[in-house]
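Note: the block below is work26.cif and it holds mmCIF, C-alpha atoms, pLDDT in the B column; chains and numbers go by the auth columns.
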```
data_structure
#
loop_
_atom_site.group_PDB
_atom_site.id
_atom_site.type_symbol
_atom_site.label_atom_id
_atom_site.label_comp_id
_atom_site.label_asym_id
_atom_site.label_seq_id
_atom_site.Cartn_x
_atom_site.Cartn_y
_atom_site.Cartn_z
_atom_site.B_iso_or_equiv
_atom_site.auth_seq_id
_atom_site.auth_asym_id
ATOM 1 C CA MET A 1 -25.440 -21.946 -0.524 46.00 1 A
ATOM 2 C CA SER A 2 -26.313 -19.675 -3.443 52.00 2 A
ATOM 3 C CA GLU A 3 -25.862 -16.541 -1.295 51.00 3 A
ATOM 4 C CA MET A 4 -22.420 -17.747 -0.171 49.00 4 A
ATOM 5 C CA HIS A 5 -21.437 -18.520 -3.768 51.00 5 A
ATOM 6 C CA SER A 6 -22.620 -15.080 -4.842 54.00 6 A
ATOM 7 C CA PHE A 7 -20.609 -13.405 -2.061 54.00 7 A
ATOM 8 C CA HIS A 8 -17.396 -15.194 -3.072 64.00 8 A
ATOM 9 C CA SER A 9 -18.060 -14.408 -6.718 71.00 9 A
ATOM 10 C CA ASP A 10 -18.451 -10.717 -5.863 71.00 10 A
ATOM 11 C CA GLN A 11 -15.234 -10.846 -3.841 77.00 11 A
ATOM 12 C CA GLU A 12 -13.285 -12.332 -6.737 83.00 12 A
ATOM 13 C CA SER A 13 -14.770 -9.786 -9.123 88.00 13 A
ATOM 14 C CA PHE A 14 -13.697 -6.947 -6.808 91.00 14 A
ATOM 15 C CA ILE A 15 -10.106 -8.207 -6.511 91.00 15 A
ATOM 16 C CA GLN A 16 -9.816 -8.699 -10.267 93.00 16 A
ATOM 17 C CA ASN A 17 -11.141 -5.195 -10.873 94.00 17 A
ATOM 18 C CA LEU A 18 -8.788 -3.788 -8.221 95.00 18 A
ATOM 19 C CA ARG A 19 -5.796 -5.365 -9.940 95.00 19 A
ATOM 20 C CA LYS A 20 -6.967 -4.231 -13.361 96.00 20 A
ATOM 21 C CA GLN A 21 -7.684 -0.646 -12.345 97.00 21 A
ATOM 22 C CA THR A 22 -4.341 -0.273 -10.561 97.00 22 A
ATOM 23 C CA ALA A 23 -2.239 -1.980 -13.233 96.00 23 A
ATOM 24 C CA VAL A 24 -1.095 1.190 -15.021 97.00 24 A
ATOM 25 C CA SER A 25 -0.044 3.038 -11.863 97.00 25 A
ATOM 26 C CA HIS A 26 1.555 -0.147 -10.514 96.00 26 A
ATOM 27 C CA ASN A 27 3.567 -0.557 -13.708 95.00 27 A
ATOM 28 C CA HIS A 28 4.676 3.077 -13.572 95.00 28 A
ATOM 29 C CA LEU A 29 6.046 2.471 -10.080 95.00 29 A
ATOM 30 C CA GLU A 30 7.897 -0.635 -11.254 94.00 30 A
ATOM 31 C CA GLU A 31 9.502 1.453 -14.014 94.00 31 A
ATOM 32 C CA ASN A 32 10.719 4.051 -11.523 94.00 32 A
ATOM 33 C CA TYR A 33 14.491 4.541 -11.571 92.00 33 A
ATOM 34 C CA LEU A 34 14.965 3.364 -7.984 93.00 34 A
ATOM 35 C CA SER A 35 12.637 0.397 -8.503 93.00 35 A
ATOM 36 C CA LYS A 36 14.666 -0.763 -11.512 93.00 36 A
ATOM 37 C CA MET A 37 18.000 0.044 -9.914 93.00 37 A
ATOM 38 C CA ILE A 38 17.386 -2.259 -6.970 95.00 38 A
ATOM 39 C CA LEU A 39 16.825 -5.159 -9.382 94.00 39 A
ATOM 40 C CA ASN A 40 20.009 -4.541 -11.350 94.00 40 A
ATOM 41 C CA GLU A 41 22.541 -7.359 -11.292 94.00 41 A
ATOM 42 C CA GLN A 42 25.187 -4.757 -10.399 94.00 42 A
ATOM 43 C CA VAL A 43 23.197 -3.309 -7.494 96.00 43 A
ATOM 44 C CA THR A 44 25.500 -1.827 -4.846 95.00 44 A
ATOM 45 C CA LEU A 45 25.129 -1.414 -1.113 96.00 45 A
ATOM 46 C CA ILE A 46 24.668 2.338 -1.662 94.00 46 A
ATOM 47 C CA ASP A 47 21.854 1.618 -4.141 94.00 47 A
ATOM 48 C CA TYR A 48 20.254 -0.594 -1.520 96.00 48 A
ATOM 49 C CA GLN A 49 20.600 2.084 1.150 95.00 49 A
ATOM 50 C CA ASN A 50 19.044 4.687 -1.159 94.00 50 A
ATOM 51 C CA TYR A 51 16.066 2.470 -1.944 96.00 51 A
ATOM 52 C CA LEU A 52 15.454 1.505 1.680 96.00 52 A
ATOM 53 C CA SER A 53 15.758 5.073 2.929 96.00 53 A
ATOM 54 C CA ALA A 54 13.139 6.180 0.371 96.00 54 A
ATOM 55 C CA LEU A 55 10.785 3.345 1.314 97.00 55 A
ATOM 56 C CA TYR A 56 11.141 4.239 4.970 97.00 56 A
ATOM 57 C CA GLY A 57 9.361 7.564 4.485 97.00 57 A
ATOM 58 C CA VAL A 58 6.248 6.067 2.901 97.00 58 A
ATOM 59 C CA THR A 59 6.175 2.970 5.101 98.00 59 A
ATOM 60 C CA LEU A 60 6.399 4.905 8.356 98.00 60 A
ATOM 61 C CA GLY A 61 4.042 7.501 6.877 97.00 61 A
ATOM 62 C CA CYS A 62 1.458 4.812 6.229 98.00 62 A
ATOM 63 C CA GLU A 63 1.799 3.482 9.760 98.00 63 A
ATOM 64 C CA ASN A 64 1.431 6.985 11.201 97.00 64 A
ATOM 65 C CA SER A 65 -1.450 8.314 9.111 97.00 65 A
ATOM 66 C CA VAL A 66 -3.230 5.281 7.602 98.00 66 A
ATOM 67 C CA PHE A 67 -3.188 2.617 10.313 98.00 67 A
ATOM 68 C CA PRO A 68 -5.242 4.626 12.856 97.00 68 A
ATOM 69 C CA HIS A 69 -8.148 4.820 10.369 97.00 69 A
ATOM 70 C CA ILE A 70 -8.350 1.093 9.599 97.00 70 A
ATOM 71 C CA GLN A 71 -7.630 -0.580 12.927 96.00 71 A
ATOM 72 C CA ASP A 72 -11.246 -1.657 13.344 95.00 72 A
ATOM 73 C CA ILE A 73 -11.252 -3.363 9.933 96.00 73 A
ATOM 74 C CA ILE A 74 -7.805 -4.975 9.832 96.00 74 A
ATOM 75 C CA THR A 75 -7.920 -6.605 13.248 93.00 75 A
ATOM 76 C CA ASP A 76 -4.328 -7.924 13.197 95.00 76 A
ATOM 77 C CA LEU A 77 -2.895 -4.518 12.319 96.00 77 A
ATOM 78 C CA ASN A 78 -0.474 -4.623 15.250 95.00 78 A
ATOM 79 C CA GLN A 79 1.370 -7.424 13.425 96.00 79 A
ATOM 80 C CA ARG A 80 1.751 -5.366 10.249 97.00 80 A
ATOM 81 C CA TYR A 81 4.104 -2.601 11.436 97.00 81 A
ATOM 82 C CA ARG A 82 7.280 -2.997 9.376 97.00 82 A
ATOM 83 C CA SER A 83 9.090 0.352 9.285 97.00 83 A
ATOM 84 C CA GLN A 84 11.227 -0.829 12.187 97.00 84 A
ATOM 85 C CA PHE A 85 12.685 -3.504 9.917 97.00 85 A
ATOM 86 C CA ILE A 86 13.777 -0.877 7.403 98.00 86 A
ATOM 87 C CA ALA A 87 15.401 1.086 10.215 98.00 87 A
ATOM 88 C CA GLN A 88 17.198 -2.020 11.443 97.00 88 A
ATOM 89 C CA ASP A 89 18.393 -2.890 7.936 98.00 89 A
ATOM 90 C CA LEU A 90 19.734 0.635 7.463 98.00 90 A
ATOM 91 C CA LEU A 91 21.538 0.498 10.815 97.00 91 A
ATOM 92 C CA THR A 92 23.049 -2.849 9.915 97.00 92 A
ATOM 93 C CA ASN A 93 24.259 -1.485 6.585 95.00 93 A
ATOM 94 C CA GLY A 94 25.967 1.679 7.712 93.00 94 A
ATOM 95 C CA PHE A 95 23.348 4.285 8.651 96.00 95 A
ATOM 96 C CA THR A 96 23.380 5.969 12.036 96.00 96 A
ATOM 97 C CA GLN A 97 20.290 6.414 14.198 96.00 97 A
ATOM 98 C CA HIS A 98 20.554 10.153 13.608 96.00 98 A
ATOM 99 C CA GLN A 99 20.488 9.664 9.820 96.00 99 A
ATOM 100 C CA ILE A 100 17.390 7.492 10.093 96.00 100 A
ATOM 101 C CA GLU A 101 15.583 9.978 12.310 96.00 101 A
ATOM 102 C CA ALA A 102 16.397 12.736 9.800 96.00 102 A
ATOM 103 C CA LEU A 103 14.748 10.905 6.874 96.00 103 A
ATOM 104 C CA PRO A 104 11.611 12.639 5.531 95.00 104 A
ATOM 105 C CA VAL A 105 8.274 10.941 6.215 97.00 105 A
ATOM 106 C CA TYR A 106 5.226 11.256 3.973 97.00 106 A
ATOM 107 C CA THR A 107 1.813 12.149 5.416 96.00 107 A
ATOM 108 C CA PHE A 108 -1.115 10.399 3.747 97.00 108 A
ATOM 109 C CA THR A 109 -4.315 12.463 3.723 94.00 109 A
ATOM 110 C CA PHE A 110 -7.149 10.321 2.431 96.00 110 A
ATOM 111 C CA SER A 111 -10.645 11.550 3.230 93.00 111 A
ATOM 112 C CA SER A 112 -12.254 8.159 3.850 96.00 112 A
ATOM 113 C CA VAL A 113 -11.610 4.784 5.456 97.00 113 A
ATOM 114 C CA ALA A 114 -11.889 3.227 1.992 98.00 114 A
ATOM 115 C CA GLY A 115 -9.099 5.450 0.692 98.00 115 A
ATOM 116 C CA HIS A 116 -6.881 4.440 3.590 98.00 116 A
ATOM 117 C CA LEU A 117 -7.617 0.778 2.860 98.00 117 A
ATOM 118 C CA GLY A 118 -6.531 1.360 -0.724 98.00 118 A
ATOM 119 C CA ALA A 119 -3.206 2.639 0.585 98.00 119 A
ATOM 120 C CA MET A 120 -2.895 -0.411 2.814 98.00 120 A
ATOM 121 C CA TYR A 121 -3.518 -2.655 -0.203 97.00 121 A
ATOM 122 C CA VAL A 122 -0.401 -1.212 -1.823 97.00 122 A
ATOM 123 C CA LEU A 123 1.693 -1.506 1.322 97.00 123 A
ATOM 124 C CA GLU A 124 0.647 -5.095 2.009 96.00 124 A
ATOM 125 C CA GLY A 125 1.052 -6.044 -1.640 95.00 125 A
ATOM 126 C CA SER A 126 4.684 -4.990 -1.391 95.00 126 A
ATOM 127 C CA THR A 127 5.324 -7.913 0.973 95.00 127 A
ATOM 128 C CA LEU A 128 4.751 -10.293 -1.948 93.00 128 A
ATOM 129 C CA GLY A 129 7.151 -8.489 -4.267 92.00 129 A
ATOM 130 C CA GLY A 130 9.514 -8.129 -1.340 94.00 130 A
ATOM 131 C CA ARG A 131 10.174 -11.862 -1.288 92.00 131 A
ATOM 132 C CA PHE A 132 11.466 -11.629 -4.877 93.00 132 A
ATOM 133 C CA LEU A 133 13.625 -8.636 -3.904 96.00 133 A
ATOM 134 C CA TYR A 134 14.882 -10.560 -0.879 97.00 134 A
ATOM 135 C CA LYS A 135 16.149 -13.374 -3.075 96.00 135 A
ATOM 136 C CA HIS A 136 17.821 -10.885 -5.427 97.00 136 A
ATOM 137 C CA ILE A 137 19.539 -8.928 -2.628 97.00 137 A
ATOM 138 C CA ASN A 138 20.630 -12.141 -0.980 97.00 138 A
ATOM 139 C CA GLN A 139 22.229 -13.329 -4.210 97.00 139 A
ATOM 140 C CA THR A 140 23.859 -10.005 -5.148 97.00 140 A
ATOM 141 C CA LEU A 141 24.822 -8.463 -1.800 97.00 141 A
ATOM 142 C CA GLY A 142 24.830 -11.538 0.416 97.00 142 A
ATOM 143 C CA LEU A 143 22.335 -10.110 2.884 97.00 143 A
ATOM 144 C CA ASN A 144 19.622 -12.084 4.656 96.00 144 A
ATOM 145 C CA ALA A 145 16.890 -11.548 7.219 95.00 145 A
ATOM 146 C CA ALA A 146 19.410 -11.674 10.056 94.00 146 A
ATOM 147 C CA ASN A 147 22.051 -9.327 8.654 95.00 147 A
ATOM 148 C CA GLY A 148 20.398 -6.443 6.849 96.00 148 A
ATOM 149 C CA CYS A 149 17.532 -7.647 4.662 97.00 149 A
ATOM 150 C CA SER A 150 14.716 -8.208 7.156 97.00 150 A
ATOM 151 C CA TYR A 151 12.245 -5.799 5.508 97.00 151 A
ATOM 152 C CA PHE A 152 12.100 -7.703 2.230 97.00 152 A
ATOM 153 C CA TRP A 153 11.727 -10.942 4.156 95.00 153 A
ATOM 154 C CA GLY A 154 8.211 -9.645 4.865 92.00 154 A
ATOM 155 C CA TYR A 155 6.339 -11.859 7.282 94.00 155 A
ATOM 156 C CA GLY A 156 8.645 -14.762 6.612 91.00 156 A
ATOM 157 C CA GLU A 157 6.894 -18.041 5.985 92.00 157 A
ATOM 158 C CA GLN A 158 3.611 -16.399 7.001 94.00 158 A
ATOM 159 C CA THR A 159 3.683 -13.852 4.157 95.00 159 A
ATOM 160 C CA GLY A 160 1.153 -15.711 2.015 93.00 160 A
ATOM 161 C CA LEU A 161 -1.241 -16.263 4.899 95.00 161 A
ATOM 162 C CA MET A 162 -0.974 -12.645 6.022 96.00 162 A
ATOM 163 C CA TRP A 163 -1.792 -11.490 2.492 95.00 163 A
ATOM 164 C CA LYS A 164 -4.839 -13.749 2.273 93.00 164 A
ATOM 165 C CA SER A 165 -6.061 -12.536 5.659 94.00 165 A
ATOM 166 C CA PHE A 166 -5.731 -8.903 4.586 96.00 166 A
ATOM 167 C CA ILE A 167 -7.497 -9.491 1.268 94.00 167 A
ATOM 168 C CA SER A 168 -10.332 -11.244 3.072 92.00 168 A
ATOM 169 C CA SER A 169 -10.865 -8.244 5.381 95.00 169 A
ATOM 170 C CA LEU A 170 -10.495 -5.784 2.506 96.00 170 A
ATOM 171 C CA THR A 171 -13.024 -7.482 0.255 94.00 171 A
ATOM 172 C CA ARG A 172 -15.503 -7.956 3.061 92.00 172 A
ATOM 173 C CA PHE A 173 -15.391 -4.210 3.769 95.00 173 A
ATOM 174 C CA ALA A 174 -15.817 -3.473 0.061 95.00 174 A
ATOM 175 C CA MET A 175 -18.821 -5.785 -0.223 91.00 175 A
ATOM 176 C CA GLU A 176 -20.506 -4.612 2.973 92.00 176 A
ATOM 177 C CA THR A 177 -20.077 -0.878 2.320 94.00 177 A
ATOM 178 C CA GLY A 178 -20.251 -0.705 -1.467 92.00 178 A
ATOM 179 C CA GLN A 179 -17.078 1.425 -1.480 95.00 179 A
ATOM 180 C CA SER A 180 -15.056 -0.575 -3.984 95.00 180 A
ATOM 181 C CA ALA A 181 -14.425 2.461 -6.193 95.00 181 A
ATOM 182 C CA GLU A 182 -13.055 4.476 -3.264 97.00 182 A
ATOM 183 C CA ILE A 183 -10.672 1.660 -2.318 98.00 183 A
ATOM 184 C CA ILE A 184 -9.440 1.361 -5.891 97.00 184 A
ATOM 185 C CA GLN A 185 -8.892 5.101 -6.182 97.00 185 A
ATOM 186 C CA GLY A 186 -6.989 5.094 -2.898 98.00 186 A
ATOM 187 C CA ALA A 187 -4.713 2.353 -4.226 98.00 187 A
ATOM 188 C CA VAL A 188 -4.147 4.159 -7.546 98.00 188 A
ATOM 189 C CA ASN A 189 -3.313 7.357 -5.696 97.00 189 A
ATOM 190 C CA THR A 190 -0.909 5.505 -3.408 98.00 190 A
ATOM 191 C CA PHE A 191 1.030 3.932 -6.267 97.00 191 A
ATOM 192 C CA THR A 192 1.403 7.417 -7.755 97.00 192 A
ATOM 193 C CA ILE A 193 2.381 8.935 -4.403 97.00 193 A
ATOM 194 C CA ILE A 194 5.139 6.351 -3.913 97.00 194 A
ATOM 195 C CA ASP A 195 6.330 6.772 -7.510 96.00 195 A
ATOM 196 C CA ASN A 196 6.631 10.531 -7.008 95.00 196 A
ATOM 197 C CA TRP A 197 8.230 10.040 -3.596 96.00 197 A
ATOM 198 C CA LEU A 198 10.958 7.853 -5.096 95.00 198 A
ATOM 199 C CA ASP A 199 11.542 10.463 -7.804 92.00 199 A
ATOM 200 C CA GLU A 200 11.975 13.128 -5.141 89.00 200 A
ATOM 201 C CA ALA A 201 14.439 10.886 -3.303 85.00 201 A
ATOM 202 C CA ILE A 202 16.546 10.714 -6.481 72.00 202 A
ATOM 203 C CA ILE A 203 16.475 14.497 -6.869 56.00 203 A
ATOM 204 C CA ASP A 204 17.519 14.953 -3.233 59.00 204 A
ATOM 205 C CA LYS A 205 20.489 12.621 -3.737 57.00 205 A
ATOM 206 C CA TYR A 206 21.824 14.549 -6.707 47.00 206 A
ATOM 207 C CA GLU A 207 21.056 18.155 -5.780 49.00 207 A
#
```

Using the file provided, produce a representation of the structure as structure tokens.
Amino acid sequence: MSEMHSFHSDQESFIQNLRKQTAVSHNHLEENYLSKMILNEQVTLIDYQNYLSALYGVTLGCENSVFPHIQDIITDLNQRYRSQFIAQDLLTNGFTQHQIEALPVYTFTFSSVAGHLGAMYVLEGSTLGGRFLYKHINQTLGLNAANGCSYFWGYGEQTGLMWKSFISSLTRFAMETGQSAEIIQGAVNTFTIIDNWLDEAIIDKYE
């Protein structure tokens, strides 16, 4: 009983430290122009398209270059591919297939499994914030999961359970390997990568 209590205590300590150590980079991302624009009460369909098209590059990039490294740790990874929902939302809201295929895609280059898991922490965490964005886009643009806002719908009613399942696998890996610091650094780097990626998307729009 004491060993089990100690394990859960270590897990909780790791998650708290992960949140604390990524708070600054997470906040920087939330202050990004595109991140704030999408939450504006006057958000337009073009704003929404711009935000989605930027997210597509890092979401598909994560699936292409992060997922293969963590498939033995996150055993339900096949249920966590979501770039196709961004593509569908863009198609529904005016993009052509050619425009989607022409969007730039980021290549993540972490040197360890732990670093890749840190990236996945950021991607999966976005499903929680996505539910808030879903409500906002539904209220402002009238979109829902069936007509152009499926990505922010996340895993639907299973979003909370999917998050808990991921966190359980993540913390178990951290405890068993002692690579908590590498996971945290991977997450910090990923927040910064996405922040910079969104900045570049803005520059591309106005060049």

Surrounding residues of A:Gly148 excluding itself and chain neighbours under 5 positions, 7 Å, all atoms listed in the file, as a PDB file with C-alpha atoms, keeping the file's coordinate frame:
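Okay, this is what ended up in out27.pdb:
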```pdb
ATOM      1  CA  ASP A  89      18.393  -2.890   7.936  1.00 98.00           C
ATOM      2  CA  THR A  92      23.049  -2.849   9.915  1.00 97.00           C
ATOM      3  CA  ASN A  93      24.259  -1.485   6.585  1.00 95.00           C
ATOM      4  CA  LEU A 143      22.335 -10.110   2.884  1.00 97.00           C
TER       5      LEU A 143
END
```

Show me the residues close to (4.0, 5.7, 6.4) - anything with an atom within 10 Å, counting all atoms listed in the file - and format the list as a VMD selection string. chain A and resid 55 to 67 81 to 83 105 to 108 119 to 120 123

How close does stretch 33-126 of chain A get to stretch 183-201 of chain A? List, as a tab-separated table, each residue of stretch 33-126 of chain A within 7 Å, its nearest atom pair and the distance in Å to one decimal, counting all atoms listed in the file.
```
residue	atom	partner	partner_atom	distance
A:Leu34	CA	A:Leu198	CA	6.7
A:Ala54	CA	A:Ala201	CA	6.1
A:Val58	CA	A:Ile194	CA	6.9
A:Ala114	CA	A:Ile183	CA	4.7
A:Gly115	CA	A:Gly186	CA	4.2
A:His116	CA	A:Gly186	CA	6.5
A:Leu117	CA	A:Ile183	CA	6.1
A:Gly118	CA	A:Ala187	CA	4.1
A:Ala119	CA	A:Ala187	CA	5.0
A:Tyr121	CA	A:Ala187	CA	6.5
A:Val122	CA	A:Ala187	CA	6.1
```

Contacts of A:Asn40 at 10 Å or less, counting all atoms listed in the file, minus same-chain residues fewer than 6 places along, as an MDAnalysis selection string? chainID A and resid 34 47 136:137 140

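Atom pair atom CA of A:Ile15 / atom CA of A:Ser126 has a distance of 16.0 Å (rounded to one decimal).
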
Could you give me, as a VMD selection string, the residues that sit within 12 Å of (-7.7, -4.2, -12.1) in the file's coordinates, counting only C-alpha atoms? chain A and resid 12 to 27 180 to 181 183 to 185 187 to 188

Saved selection, atoms kept: C-alpha atoms, as a PDB file, in the frame of the given file:
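New file out_25.pdb:
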```pdb
ATOM      1  CA  GLU A  12     -13.285 -12.332  -6.737  1.00 83.00           C
ATOM      2  CA  SER A  13     -14.770  -9.786  -9.123  1.00 88.00           C
ATOM      3  CA  PHE A  14     -13.697  -6.947  -6.808  1.00 91.00           C
ATOM      4  CA  ILE A  15     -10.106  -8.207  -6.511  1.00 91.00           C
ATOM      5  CA  GLN A  16      -9.816  -8.699 -10.267  1.00 93.00           C
ATOM      6  CA  ASN A  17     -11.141  -5.195 -10.873  1.00 94.00           C
ATOM      7  CA  LEU A  18      -8.788  -3.788  -8.221  1.00 95.00           C
ATOM      8  CA  ARG A  19      -5.796  -5.365  -9.940  1.00 95.00           C
ATOM      9  CA  LYS A  20      -6.967  -4.231 -13.361  1.00 96.00           C
ATOM     10  CA  GLN A  21      -7.684  -0.646 -12.345  1.00 97.00           C
ATOM     11  CA  THR A  22      -4.341  -0.273 -10.561  1.00 97.00           C
ATOM     12  CA  ALA A  23      -2.239  -1.980 -13.233  1.00 96.00           C
ATOM     13  CA  VAL A  24      -1.095   1.190 -15.021  1.00 97.00           C
ATOM     14  CA  SER A  25      -0.044   3.038 -11.863  1.00 97.00           C
ATOM     15  CA  HIS A  26       1.555  -0.147 -10.514  1.00 96.00           C
ATOM     16  CA  ASN A  27       3.567  -0.557 -13.708  1.00 95.00           C
ATOM     17  CA  SER A 180     -15.056  -0.575  -3.984  1.00 95.00           C
ATOM     18  CA  ALA A 181     -14.425   2.461  -6.193  1.00 95.00           C
ATOM     19  CA  ILE A 183     -10.672   1.660  -2.318  1.00 98.00           C
ATOM     20  CA  ILE A 184      -9.440   1.361  -5.891  1.00 97.00           C
ATOM     21  CA  GLN A 185      -8.892   5.101  -6.182  1.00 97.00           C
ATOM     22  CA  ALA A 187      -4.713   2.353  -4.226  1.00 98.00           C
ATOM     23  CA  VAL A 188      -4.147   4.159  -7.546  1.00 98.00           C
TER      24      VAL A 188
END
```

Pick from A:Ser111, A:Ala102, A:Ile70, A:Gln88, whichever lies nearest to A:Phe166 using all atoms listed in the file: A:Ile70

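The closest residue to A:Leu133, picked from A:Ile73, A:Leu29, A:Val113, A:Cys149 and counting all atoms listed in the file, is A:Cys149.
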
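Distances from A:Gln49, A:Gln79, A:Ser9, A:Ser112 to A:Ile100 were compared using only C-alpha atoms, and the smallest one belongs to A:Gln49.
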
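Each of A:Gln11, A:Thr159, A:Thr109, A:Ser169 was checked against A:Gln71 using all atoms listed in the file; the smallest atom-to-atom distance is that of A:Ser169.
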
Point out the residue among A:Phe110, A:Trp163, A:Phe132, A:Phe152 with the least atom-to-atom distance to A:Ile74, counting all atoms listed in the file. A:Trp163

Rounded to one decimal place, report the atom CA of A:Tyr151-atom CA of A:Ile86 distance in Å.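 Computing the Euclidean distance for atom CA of A:Tyr151 and atom CA of A:Ile86 yields 5.5 Å.
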
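Proximity of A:Gly129, A:Tyr134, A:Glu157, A:Ala146 to A:Glu30, computed with all atoms listed in the file, is greatest for A:Gly129.
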
Kindly list the centre and edge lengths in Å, rounded to one decimal, for the axis-aligned box that covers all listed atoms of stretch 102-118 of chain A plus 3 Å on each of its six sides, as JSON.
```
{"center_x": 2.1, "center_y": 6.8, "center_z": 4.5, "size_x": 34.7, "size_y": 18.0, "size_z": 16.5}
```

To one decimal place in Å, what is the distance between atom CA of A:Lys135 and atom CA of A:Phe95? 22.4 Å

Can stretch 178-184 of chain A be brought up to all heavy atoms and written out as a compact mmCIF listing (two decimals), in the frame of the given file?
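Saved file rebuild.txt follows:
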```txt
# COMPACT_ATOMS: atom_id res chain seq x y z
N GLY A 178 -20.07 -1.16 -0.09
CA GLY A 178 -20.25 -0.70 -1.47
C GLY A 178 -19.25 0.37 -1.87
O GLY A 178 -19.53 1.18 -2.76
N GLN A 179 -18.08 0.39 -1.22
CA GLN A 179 -17.08 1.42 -1.48
C GLN A 179 -15.87 0.91 -2.27
O GLN A 179 -14.75 1.36 -2.07
CB GLN A 179 -16.63 2.06 -0.16
CG GLN A 179 -17.75 2.78 0.57
CD GLN A 179 -17.29 3.40 1.88
OE1 GLN A 179 -16.18 3.89 2.01
NE2 GLN A 179 -18.15 3.37 2.87
N SER A 180 -16.14 -0.01 -3.18
CA SER A 180 -15.06 -0.57 -3.98
C SER A 180 -14.31 0.50 -4.76
O SER A 180 -13.07 0.50 -4.82
CB SER A 180 -15.62 -1.62 -4.96
OG SER A 180 -16.22 -2.68 -4.28
N ALA A 181 -15.05 1.42 -5.37
CA ALA A 181 -14.42 2.46 -6.19
C ALA A 181 -13.49 3.34 -5.37
O ALA A 181 -12.40 3.73 -5.83
CB ALA A 181 -15.49 3.32 -6.86
N GLU A 182 -13.88 3.65 -4.13
CA GLU A 182 -13.06 4.48 -3.26
C GLU A 182 -11.76 3.76 -2.87
O GLU A 182 -10.70 4.37 -2.79
CB GLU A 182 -13.83 4.88 -2.02
CG GLU A 182 -14.96 5.87 -2.27
CD GLU A 182 -16.27 5.17 -2.63
OE1 GLU A 182 -16.24 3.98 -2.99
OE2 GLU A 182 -17.33 5.83 -2.54
N ILE A 183 -11.87 2.45 -2.63
CA ILE A 183 -10.67 1.66 -2.32
C ILE A 183 -9.72 1.66 -3.51
O ILE A 183 -8.51 1.87 -3.36
CB ILE A 183 -11.06 0.21 -1.95
CG1 ILE A 183 -11.83 0.19 -0.62
CG2 ILE A 183 -9.81 -0.67 -1.85
CD1 ILE A 183 -12.40 -1.17 -0.27
N ILE A 184 -10.26 1.41 -4.68
CA ILE A 184 -9.44 1.36 -5.89
C ILE A 184 -8.75 2.70 -6.13
O ILE A 184 -7.55 2.75 -6.43
CB ILE A 184 -10.30 0.96 -7.11
CG1 ILE A 184 -10.76 -0.50 -6.96
CG2 ILE A 184 -9.53 1.16 -8.41
CD1 ILE A 184 -11.79 -0.93 -7.98
```
